[in-house]
$ cat my_file36.pdb   # PDB, C-alpha atoms and all ligand atoms
ATOM      1  CA  MET A   1    -114.085 -37.068 -27.541
ATOM      2  CA  GLU A   2    -111.111 -35.486 -29.252
ATOM      3  CA  GLU A   3    -110.950 -34.166 -32.771
ATOM      4  CA  LYS A   4    -110.931 -36.985 -35.282
ATOM      5  CA  LYS A   5    -108.732 -37.126 -38.313
ATOM      6  CA  ILE A   6    -110.963 -39.645 -40.051
ATOM      7  CA  SER A   7    -114.687 -39.858 -40.651
ATOM      8  CA  GLU A   8    -117.111 -41.555 -38.303
ATOM      9  CA  LYS A   9    -117.940 -43.971 -41.111
ATOM     10  CA  THR A  10    -114.307 -45.026 -41.455
ATOM     11  CA  VAL A  11    -113.966 -45.453 -37.714
ATOM     12  CA  ARG A  12    -117.008 -47.697 -37.657
ATOM     13  CA  LEU A  13    -115.569 -49.728 -40.515
ATOM     14  CA  LEU A  14    -112.263 -50.125 -38.685
ATOM     15  CA  VAL A  15    -113.989 -51.167 -35.476
ATOM     16  CA  ALA A  16    -116.177 -53.683 -37.327
ATOM     17  CA  LEU A  17    -113.174 -55.147 -39.162
ATOM     18  CA  SER A  18    -111.166 -55.420 -35.959
ATOM     19  CA  SER A  19    -114.094 -57.194 -34.320
ATOM     20  CA  LYS A  20    -114.380 -59.588 -37.261
ATOM     21  CA  MET A  21    -110.680 -60.406 -36.997
ATOM     22  CA  LYS A  22    -111.228 -61.961 -33.576
ATOM     23  CA  ASP A  23    -112.568 -64.969 -35.493
ATOM     24  CA  ASN A  24    -109.061 -65.683 -36.754
ATOM     25  CA  ALA A  25    -107.307 -65.297 -33.422
ATOM     26  CA  HIS A  26    -105.088 -68.179 -32.370
ATOM     27  CA  CYS A  27    -105.495 -68.003 -28.622
ATOM     28  CA  PRO A  28    -105.875 -71.530 -27.208
ATOM     29  CA  TYR A  29    -104.023 -70.511 -24.023
ATOM     30  CA  SER A  30    -105.581 -67.224 -22.984
ATOM     31  CA  MET A  31    -108.919 -67.827 -24.753
ATOM     32  CA  PHE A  32    -108.825 -64.070 -25.205
ATOM     33  CA  PRO A  33    -109.280 -63.258 -28.884
ATOM     34  CA  VAL A  34    -108.202 -59.815 -30.010
ATOM     35  CA  GLY A  35    -108.609 -58.235 -33.426
ATOM     36  CA  ALA A  36    -107.101 -55.109 -34.931
ATOM     37  CA  ALA A  37    -107.597 -53.021 -38.062
ATOM     38  CA  LEU A  38    -104.966 -50.516 -39.104
ATOM     39  CA  LEU A  39    -105.691 -47.591 -41.426
ATOM     40  CA  CYS A  40    -102.759 -46.439 -43.549
ATOM     41  CA  GLU A  41    -102.390 -42.883 -44.759
ATOM     42  CA  ASP A  42    -103.525 -43.796 -48.285
ATOM     43  CA  GLY A  43    -106.655 -45.531 -47.020
ATOM     44  CA  THR A  44    -105.358 -49.089 -47.187
ATOM     45  CA  ILE A  45    -106.440 -51.223 -44.245
ATOM     46  CA  PHE A  46    -104.461 -54.070 -42.729
ATOM     47  CA  THR A  47    -106.027 -56.375 -40.188
ATOM     48  CA  GLY A  48    -104.533 -58.579 -37.521
ATOM     49  CA  CYS A  49    -105.319 -60.943 -34.687
ATOM     50  CA  ASN A  50    -103.381 -62.274 -31.739
ATOM     51  CA  VAL A  51    -101.269 -65.328 -32.513
ATOM     52  CA  GLU A  52    -100.331 -67.165 -29.341
ATOM     53  CA  ASN A  53     -97.684 -69.819 -28.923
ATOM     54  CA  SER A  54     -97.214 -72.754 -26.563
ATOM     55  CA  ALA A  55     -93.972 -70.997 -25.598
ATOM     56  CA  TYR A  56     -95.998 -68.090 -24.222
ATOM     57  CA  PRO A  57     -93.700 -65.074 -24.750
ATOM     58  CA  VAL A  58     -93.314 -65.957 -28.417
ATOM     59  CA  GLY A  59     -96.909 -65.019 -29.181
ATOM     60  CA  VAL A  60     -97.835 -61.706 -30.787
ATOM     61  CA  CYS A  61    -100.681 -59.285 -30.217
ATOM     62  CA  ALA A  62    -103.263 -58.324 -32.824
ATOM     63  CA  GLU A  63    -101.914 -54.774 -33.140
ATOM     64  CA  LYS A  64     -98.407 -56.023 -33.810
ATOM     65  CA  THR A  65     -99.690 -58.476 -36.390
ATOM     66  CA  ALA A  66    -101.556 -55.745 -38.283
ATOM     67  CA  ILE A  67     -98.635 -53.319 -38.161
ATOM     68  CA  SER A  68     -96.129 -55.995 -39.179
ATOM     69  CA  LYS A  69     -98.309 -56.961 -42.122
ATOM     70  CA  ALA A  70     -98.471 -53.331 -43.237
ATOM     71  CA  VAL A  71     -94.756 -52.669 -42.792
ATOM     72  CA  SER A  72     -93.842 -55.839 -44.651
ATOM     73  CA  GLU A  73     -95.915 -54.563 -47.564
ATOM     74  CA  GLY A  74     -94.043 -51.270 -47.600
ATOM     75  CA  TYR A  75     -96.390 -49.115 -45.522
ATOM     76  CA  ARG A  76     -94.991 -46.828 -42.829
ATOM     77  CA  LYS A  77     -97.585 -44.096 -42.317
ATOM     78  CA  PHE A  78    -100.646 -44.882 -40.287
ATOM     79  CA  LYS A  79    -103.636 -42.786 -39.338
ATOM     80  CA  ALA A  80    -105.529 -45.007 -36.959
ATOM     81  CA  ILE A  81    -105.895 -48.440 -35.457
ATOM     82  CA  ALA A  82    -109.006 -50.086 -34.019
ATOM     83  CA  ILE A  83    -108.861 -52.889 -31.471
ATOM     84  CA  SER A  84    -111.549 -55.356 -30.383
ATOM     85  CA  SER A  85    -111.912 -58.049 -27.765
ATOM     86  CA  ASN A  86    -114.689 -59.949 -26.034
ATOM     87  CA  LEU A  87    -114.490 -57.887 -22.866
ATOM     88  CA  LYS A  88    -118.143 -57.259 -22.113
ATOM     89  CA  ASP A  89    -118.061 -54.067 -20.131
ATOM     90  CA  ARG A  90    -114.682 -52.597 -20.877
ATOM     91  CA  PHE A  91    -112.963 -51.060 -23.860
ATOM     92  CA  ILE A  92    -109.971 -53.165 -24.839
ATOM     93  CA  VAL A  93    -106.708 -51.269 -24.397
ATOM     94  CA  PRO A  94    -103.390 -52.030 -26.085
ATOM     95  CA  CYS A  95    -100.709 -53.593 -23.877
ATOM     96  CA  GLY A  96     -97.578 -51.606 -23.056
ATOM     97  CA  ASN A  97     -95.532 -53.528 -25.559
ATOM     98  CA  CYS A  98     -97.947 -52.637 -28.368
ATOM     99  CA  ARG A  99     -98.032 -48.983 -27.308
ATOM    100  CA  GLN A 100     -94.290 -48.828 -27.868
ATOM    101  CA  PHE A 101     -94.613 -50.798 -31.092
ATOM    102  CA  MET A 102     -97.155 -48.292 -32.406
ATOM    103  CA  ALA A 103     -95.125 -45.302 -31.198
ATOM    104  CA  GLU A 104     -92.377 -46.291 -33.610
ATOM    105  CA  PHE A 105     -94.698 -45.104 -36.383
ATOM    106  CA  GLY A 106     -96.153 -42.031 -34.718
ATOM    107  CA  PHE A 107     -97.444 -40.725 -31.425
ATOM    108  CA  ASP A 108    -100.328 -39.091 -33.290
ATOM    109  CA  ILE A 109    -101.892 -42.327 -34.530
ATOM    110  CA  ASP A 110    -105.499 -42.505 -33.340
ATOM    111  CA  VAL A 111    -106.357 -45.579 -31.318
ATOM    112  CA  TYR A 112    -109.973 -46.722 -31.230
ATOM    113  CA  MET A 113    -110.640 -49.132 -28.398
ATOM    114  CA  SER A 114    -113.923 -50.974 -28.693
ATOM    115  CA  LYS A 115    -116.394 -53.268 -26.971
ATOM    116  CA  PRO A 116    -118.182 -56.242 -28.566
ATOM    117  CA  ASP A 117    -121.222 -54.037 -29.231
ATOM    118  CA  LEU A 118    -118.911 -51.967 -31.485
ATOM    119  CA  THR A 119    -119.042 -48.898 -29.277
ATOM    120  CA  TYR A 120    -115.617 -47.339 -28.900
ATOM    121  CA  THR A 121    -113.495 -44.757 -27.217
ATOM    122  CA  GLN A 122    -110.655 -42.856 -28.860
ATOM    123  CA  SER A 123    -107.172 -41.895 -27.757
ATOM    124  CA  THR A 124    -103.802 -41.446 -29.395
ATOM    125  CA  VAL A 125    -100.596 -43.398 -29.045
ATOM    126  CA  GLY A 126     -99.038 -40.336 -27.398
ATOM    127  CA  GLU A 127    -101.772 -40.195 -24.793
ATOM    128  CA  LEU A 128    -101.486 -43.920 -24.143
ATOM    129  CA  LEU A 129     -97.701 -43.787 -23.897
ATOM    130  CA  PRO A 130     -96.692 -40.549 -22.212
ATOM    131  CA  MET A 131     -92.957 -39.882 -22.283
ATOM    132  CA  GLY A 132     -92.521 -42.834 -24.614
ATOM    133  CA  PHE A 133     -89.215 -43.682 -26.149
ATOM    134  CA  GLU A 134     -89.090 -42.455 -29.728
ATOM    135  CA  PRO A 135     -86.797 -43.081 -32.681
ATOM    136  CA  THR A 136     -85.242 -39.595 -32.454
ATOM    137  CA  GLN A 137     -83.778 -40.531 -29.092
ATOM    138  CA  LEU A 138     -81.332 -42.736 -30.935
ATOM    139  CA  LEU A 139     -79.871 -39.792 -32.829
ATOM    140  CA  ASP A 140     -76.183 -39.325 -32.165
ATOM    141  CA  GLU A 141     -76.434 -35.548 -31.735
ATOM    142  CA  ASP A 142     -78.813 -36.006 -28.813
ATOM    143  CA  ARG A 143     -76.346 -38.123 -26.910
ATOM    144  CA  ILE A 144     -73.197 -37.480 -24.968
ATOM    145  CA  ASP A 145     -70.043 -39.364 -25.683
ATOM    146  CA  ASP A 146     -70.054 -42.126 -23.080
ATOM    147  CA  LYS A 147     -66.329 -41.719 -22.657
ATOM    148  CA  SER A 148     -66.770 -38.091 -21.691
ATOM    149  CA  ILE A 149     -68.133 -38.857 -18.230
ATOM    150  CA  GLU A 150     -66.554 -40.782 -15.481
ATOM    151  CA  ILE A 151     -68.447 -41.355 -12.274
ATOM    152  CA  ASP A 152     -66.210 -40.467  -9.380
ATOM    153  CA  LEU A 153     -67.252 -42.807  -6.589
ATOM    154  CA  ASP A 154     -65.159 -40.892  -4.046
ATOM    155  CA  SER A 155     -67.197 -37.754  -4.605
ATOM    156  CA  VAL A 156     -70.467 -39.755  -4.662
ATOM    157  CA  ALA A 157     -69.457 -41.208  -1.285
ATOM    158  CA  LYS A 158     -68.679 -37.744   0.003
ATOM    159  CA  GLN A 159     -71.941 -36.250  -1.236
ATOM    160  CA  THR A 160     -74.146 -39.077   0.020
ATOM    161  CA  GLY A 161     -72.271 -39.933   3.186
ATOM    162  CA  ILE A 162     -72.264 -43.575   2.147
ATOM    163  CA  ARG A 163     -69.012 -45.481   2.421
ATOM    164  CA  LYS A 164     -67.407 -46.128  -0.950
ATOM    165  CA  THR A 165     -67.109 -49.846  -0.182
ATOM    166  CA  SER A 166     -70.874 -50.003   0.368
ATOM    167  CA  ILE A 167     -71.460 -48.330  -2.976
ATOM    168  CA  THR A 168     -69.032 -50.689  -4.667
ATOM    169  CA  ASN A 169     -70.735 -53.678  -3.062
ATOM    170  CA  GLY A 170     -73.991 -52.411  -4.473
ATOM    171  CA  LEU A 171     -72.492 -52.162  -7.931
ATOM    172  CA  ASN A 172     -71.144 -55.659  -7.638
ATOM    173  CA  GLY A 173     -74.390 -57.055  -6.301
ATOM    174  CA  SER A 174     -74.832 -56.195  -2.670
ATOM    175  CA  GLN A 175     -73.571 -58.845  -0.300
ATOM    176  CA  ASN A 176     -76.350 -60.804   1.355
ATOM    177  CA  GLY A 177     -78.797 -58.399  -0.213
ATOM    178  CA  GLN A 178     -77.939 -55.667   2.290
ATOM    179  CA  HIS A 179     -78.465 -52.070   1.376
ATOM    180  CA  ALA A 180     -75.553 -49.720   1.028
ATOM    181  CA  ASN A 181     -75.081 -48.190   4.453
ATOM    182  CA  GLY A 182     -77.620 -45.432   4.925
ATOM    183  CA  CYS A 183     -79.739 -46.381   1.918
ATOM    184  CA  VAL A 184     -83.347 -47.323   2.333
TER     185      VAL A 184
HETATM  186 ZN    ZN B 201    -100.044 -55.991 -27.178
END

$ encode --input "my_file36.pdb" --output "C-alpha cells"
Amino acid sequence: MEEKKISEKTVRLLVALSSKMKDNAHCPYSMFPVGAALLCEDGTIFTGCNVENSAYPVGVCAEKTAISKAVSEGYRKFKAIAISSNLKDRFIVPCGNCRQFMAEFGFDIDVYMSKPDLTYTQSTVGELLPMGFEPTQLLDEDRIDDKSIEIDLDSVAKQTGIRKTSITNGLNGSQNGQHANGCV
C-alpha cells in the first residue's frame, strides 16, 4: 500500500461513513447503492450517495454528490475520498466519469475503495486516471492558434497514397460506409 497522507483512523472513519451513506442511496433502477465520504483539507467531511433518475443518464454517482456538496459550500481542496458499495468480493471502483470529476480538484487525492466488511484498498485519482485531462490544458498559452494551421488535403493524399476524393468522402461521412481507398 502506498504512503498515506492521512491517519489509519481517519481512513477507517471515511470508509465507515461512506458505507453508512449507502442507506440514503436512491437507486430503484440499478439496486446498486453507493456511498462516498470526502475529506477536505481542513478536516471537514462531506458525504454523498448515488441519486438515480427514471431518465437514466440524469442520475448522479455518490462521489459526484459528495464533491458537489463540498464545492457548493465553498470547499475546493480535498485530501481523500472513500467509496462503498454492496459488492461482496470486490472493492468498488469509481466510474470513468467520476475519475474525471475528481481530477478537476487534484490528481493526488487519495481514493479508498472498500468492501462491505469495511476493508479497503487505496489509490490516487492520478493512478486511476492516467493521462487524464486537467484544467491546465485549457490554458491559452498551451494551445496553438487554430487559424495557424491548415490541413492540406493534397499533401495528405500524396503522403498516404489515398485519393483526395476518398479522403473528402470520409470527412463528409463516407458513402455507403466504405473506407477511404486503401484504409483498413
Ligand atoms: Zn461515477

$ residues_near_ligand --input "my_file36.pdb" --ligand "ligand ZN 201 (chain B)" --cutoff "10 Å" --atoms "all atoms listed in the file" --output "count of residues only"
19

$ atom_distance --input "my_file36.pdb" --atom1 "CA of Gly132 in chain A" --atom2 "CA of Phe107 in chain A"
8.7 Å

$ residues_near_point --input "my_file36.pdb" --point "(-97.7, -70.6, -25.4)" --cutoff "9 Å" --atoms "all atoms listed in the file" --output "list of chain:residue names"
A:Cys27, A:Pro28, A:Tyr29, A:Ser30, A:Glu52, A:Asn53, A:Ser54, A:Ala55, A:Tyr56, A:Pro57, A:Val58, A:Gly59

$ resolve_selection --input "my_file36.pdb" --expression "the PyMOL selection byres (((chain A and resi 76-91) around 9) and not hetatm)" --output "JSON list (two decimals) with C-alpha atoms, keeping the file's coordinate frame"
[["chain", "number", "residue", "atom", "x", "y", "z"],
["A", 5, "LYS", "CA", -108.73, -37.13, -38.31],
["A", 6, "ILE", "CA", -110.96, -39.65, -40.05],
["A", 11, "VAL", "CA", -113.97, -45.45, -37.71],
["A", 14, "LEU", "CA", -112.26, -50.12, -38.68],
["A", 15, "VAL", "CA", -113.99, -51.17, -35.48],
["A", 16, "ALA", "CA", -116.18, -53.68, -37.33],
["A", 17, "LEU", "CA", -113.17, -55.15, -39.16],
["A", 18, "SER", "CA", -111.17, -55.42, -35.96],
["A", 19, "SER", "CA", -114.09, -57.19, -34.32],
["A", 20, "LYS", "CA", -114.38, -59.59, -37.26],
["A", 21, "MET", "CA", -110.68, -60.41, -37.00],
["A", 22, "LYS", "CA", -111.23, -61.96, -33.58],
["A", 32, "PHE", "CA", -108.82, -64.07, -25.20],
["A", 33, "PRO", "CA", -109.28, -63.26, -28.88],
["A", 34, "VAL", "CA", -108.20, -59.82, -30.01],
["A", 35, "GLY", "CA", -108.61, -58.24, -33.43],
["A", 36, "ALA", "CA", -107.10, -55.11, -34.93],
["A", 37, "ALA", "CA", -107.60, -53.02, -38.06],
["A", 38, "LEU", "CA", -104.97, -50.52, -39.10],
["A", 39, "LEU", "CA", -105.69, -47.59, -41.43],
["A", 40, "CYS", "CA", -102.76, -46.44, -43.55],
["A", 41, "GLU", "CA", -102.39, -42.88, -44.76],
["A", 42, "ASP", "CA", -103.52, -43.80, -48.28],
["A", 43, "GLY", "CA", -106.66, -45.53, -47.02],
["A", 62, "ALA", "CA", -103.26, -58.32, -32.82],
["A", 63, "GLU", "CA", -101.91, -54.77, -33.14],
["A", 66, "ALA", "CA", -101.56, -55.74, -38.28],
["A", 67, "ILE", "CA", -98.64, -53.32, -38.16],
["A", 70, "ALA", "CA", -98.47, -53.33, -43.24],
["A", 71, "VAL", "CA", -94.76, -52.67, -42.79],
["A", 74, "GLY", "CA", -94.04, -51.27, -47.60],
["A", 75, "TYR", "CA", -96.39, -49.12, -45.52],
["A", 92, "ILE", "CA", -109.97, -53.16, -24.84],
["A", 93, "VAL", "CA", -106.71, -51.27, -24.40],
["A", 94, "PRO", "CA", -103.39, -52.03, -26.08],
["A", 105, "PHE", "CA", -94.70, -45.10, -36.38],
["A", 106, "GLY", "CA", -96.15, -42.03, -34.72],
["A", 108, "ASP", "CA", -100.33, -39.09, -33.29],
["A", 109, "ILE", "CA", -101.89, -42.33, -34.53],
["A", 110, "ASP", "CA", -105.50, -42.50, -33.34],
["A", 111, "VAL", "CA", -106.36, -45.58, -31.32],
["A", 112, "TYR", "CA", -109.97, -46.72, -31.23],
["A", 113, "MET", "CA", -110.64, -49.13, -28.40],
["A", 114, "SER", "CA", -113.92, -50.97, -28.69],
["A", 115, "LYS", "CA", -116.39, -53.27, -26.97],
["A", 116, "PRO", "CA", -118.18, -56.24, -28.57],
["A", 117, "ASP", "CA", -121.22, -54.04, -29.23],
["A", 118, "LEU", "CA", -118.91, -51.97, -31.48],
["A", 119, "THR", "CA", -119.04, -48.90, -29.28],
["A", 120, "TYR", "CA", -115.62, -47.34, -28.90],
["A", 121, "THR", "CA", -113.50, -44.76, -27.22],
["A", 124, "THR", "CA", -103.80, -41.45, -29.40]]

$ atom_distance --input "my_file36.pdb" --atom1 "CA of Asp146 in chain A" --atom2 "CA of Arg163 in chain A"
25.7 Å

$ atom_distance --input "my_file36.pdb" --atom1 "CA of Glu150 in chain A" --atom2 "CA of Ile162 in chain A"
18.7 Å

$ closest_residue --input "my_file36.pdb" --among "A:Val51, A:Ile151, A:Ile45, A:Met131" --to "Asn24 in chain A" --atoms "all atoms listed in the file"
A:Val51

$ decode --input "my_file36.pdb" --residues "range 66-103 of chain A" --atoms "C-alpha atoms" --output "tab-separated table (two decimals), in the first residue's frame"
chain	number	residue	atom	x	y	z
A	66	ALA	CA	-20.21	14.43	-2.17
A	67	ILE	CA	-17.91	16.65	-4.23
A	68	SER	CA	-20.78	18.85	-5.41
A	69	LYS	CA	-21.95	19.29	-1.84
A	70	ALA	CA	-18.45	20.34	-0.78
A	71	VAL	CA	-17.90	22.70	-3.71
A	72	SER	CA	-21.29	24.32	-3.19
A	73	GLU	CA	-20.23	25.05	0.38
A	74	GLY	CA	-17.04	26.73	-0.78
A	75	TYR	CA	-14.59	23.85	-0.48
A	76	ARG	CA	-12.09	23.17	-3.27
A	77	LYS	CA	-9.22	21.27	-1.66
A	78	PHE	CA	-9.66	17.61	-0.95
A	79	LYS	CA	-7.35	15.06	0.60
A	80	ALA	CA	-9.23	11.82	0.19
A	81	ILE	CA	-12.47	10.15	-0.75
A	82	ALA	CA	-13.82	6.78	0.38
A	83	ILE	CA	-16.35	4.80	-1.63
A	84	SER	CA	-18.57	1.89	-0.59
A	85	SER	CA	-20.96	-0.49	-2.28
A	86	ASN	CA	-22.56	-3.85	-1.60
A	87	LEU	CA	-20.19	-5.73	-3.88
A	88	LYS	CA	-19.33	-8.76	-1.79
A	89	ASP	CA	-15.96	-9.77	-3.10
A	90	ARG	CA	-14.72	-6.72	-4.91
A	91	PHE	CA	-13.57	-3.26	-3.98
A	92	ILE	CA	-15.89	-0.68	-5.51
A	93	VAL	CA	-14.10	1.49	-8.06
A	94	PRO	CA	-15.17	4.93	-9.27
A	95	CYS	CA	-16.61	5.09	-12.79
A	96	GLY	CA	-14.69	6.92	-15.51
A	97	ASN	CA	-16.94	9.92	-15.29
A	98	CYS	CA	-16.24	10.30	-11.56
A	99	ARG	CA	-12.50	9.87	-12.09
A	100	GLN	CA	-12.56	12.90	-14.35
A	101	PHE	CA	-14.84	14.75	-11.94
A	102	MET	CA	-12.38	14.15	-9.10
A	103	ALA	CA	-9.37	15.03	-11.27
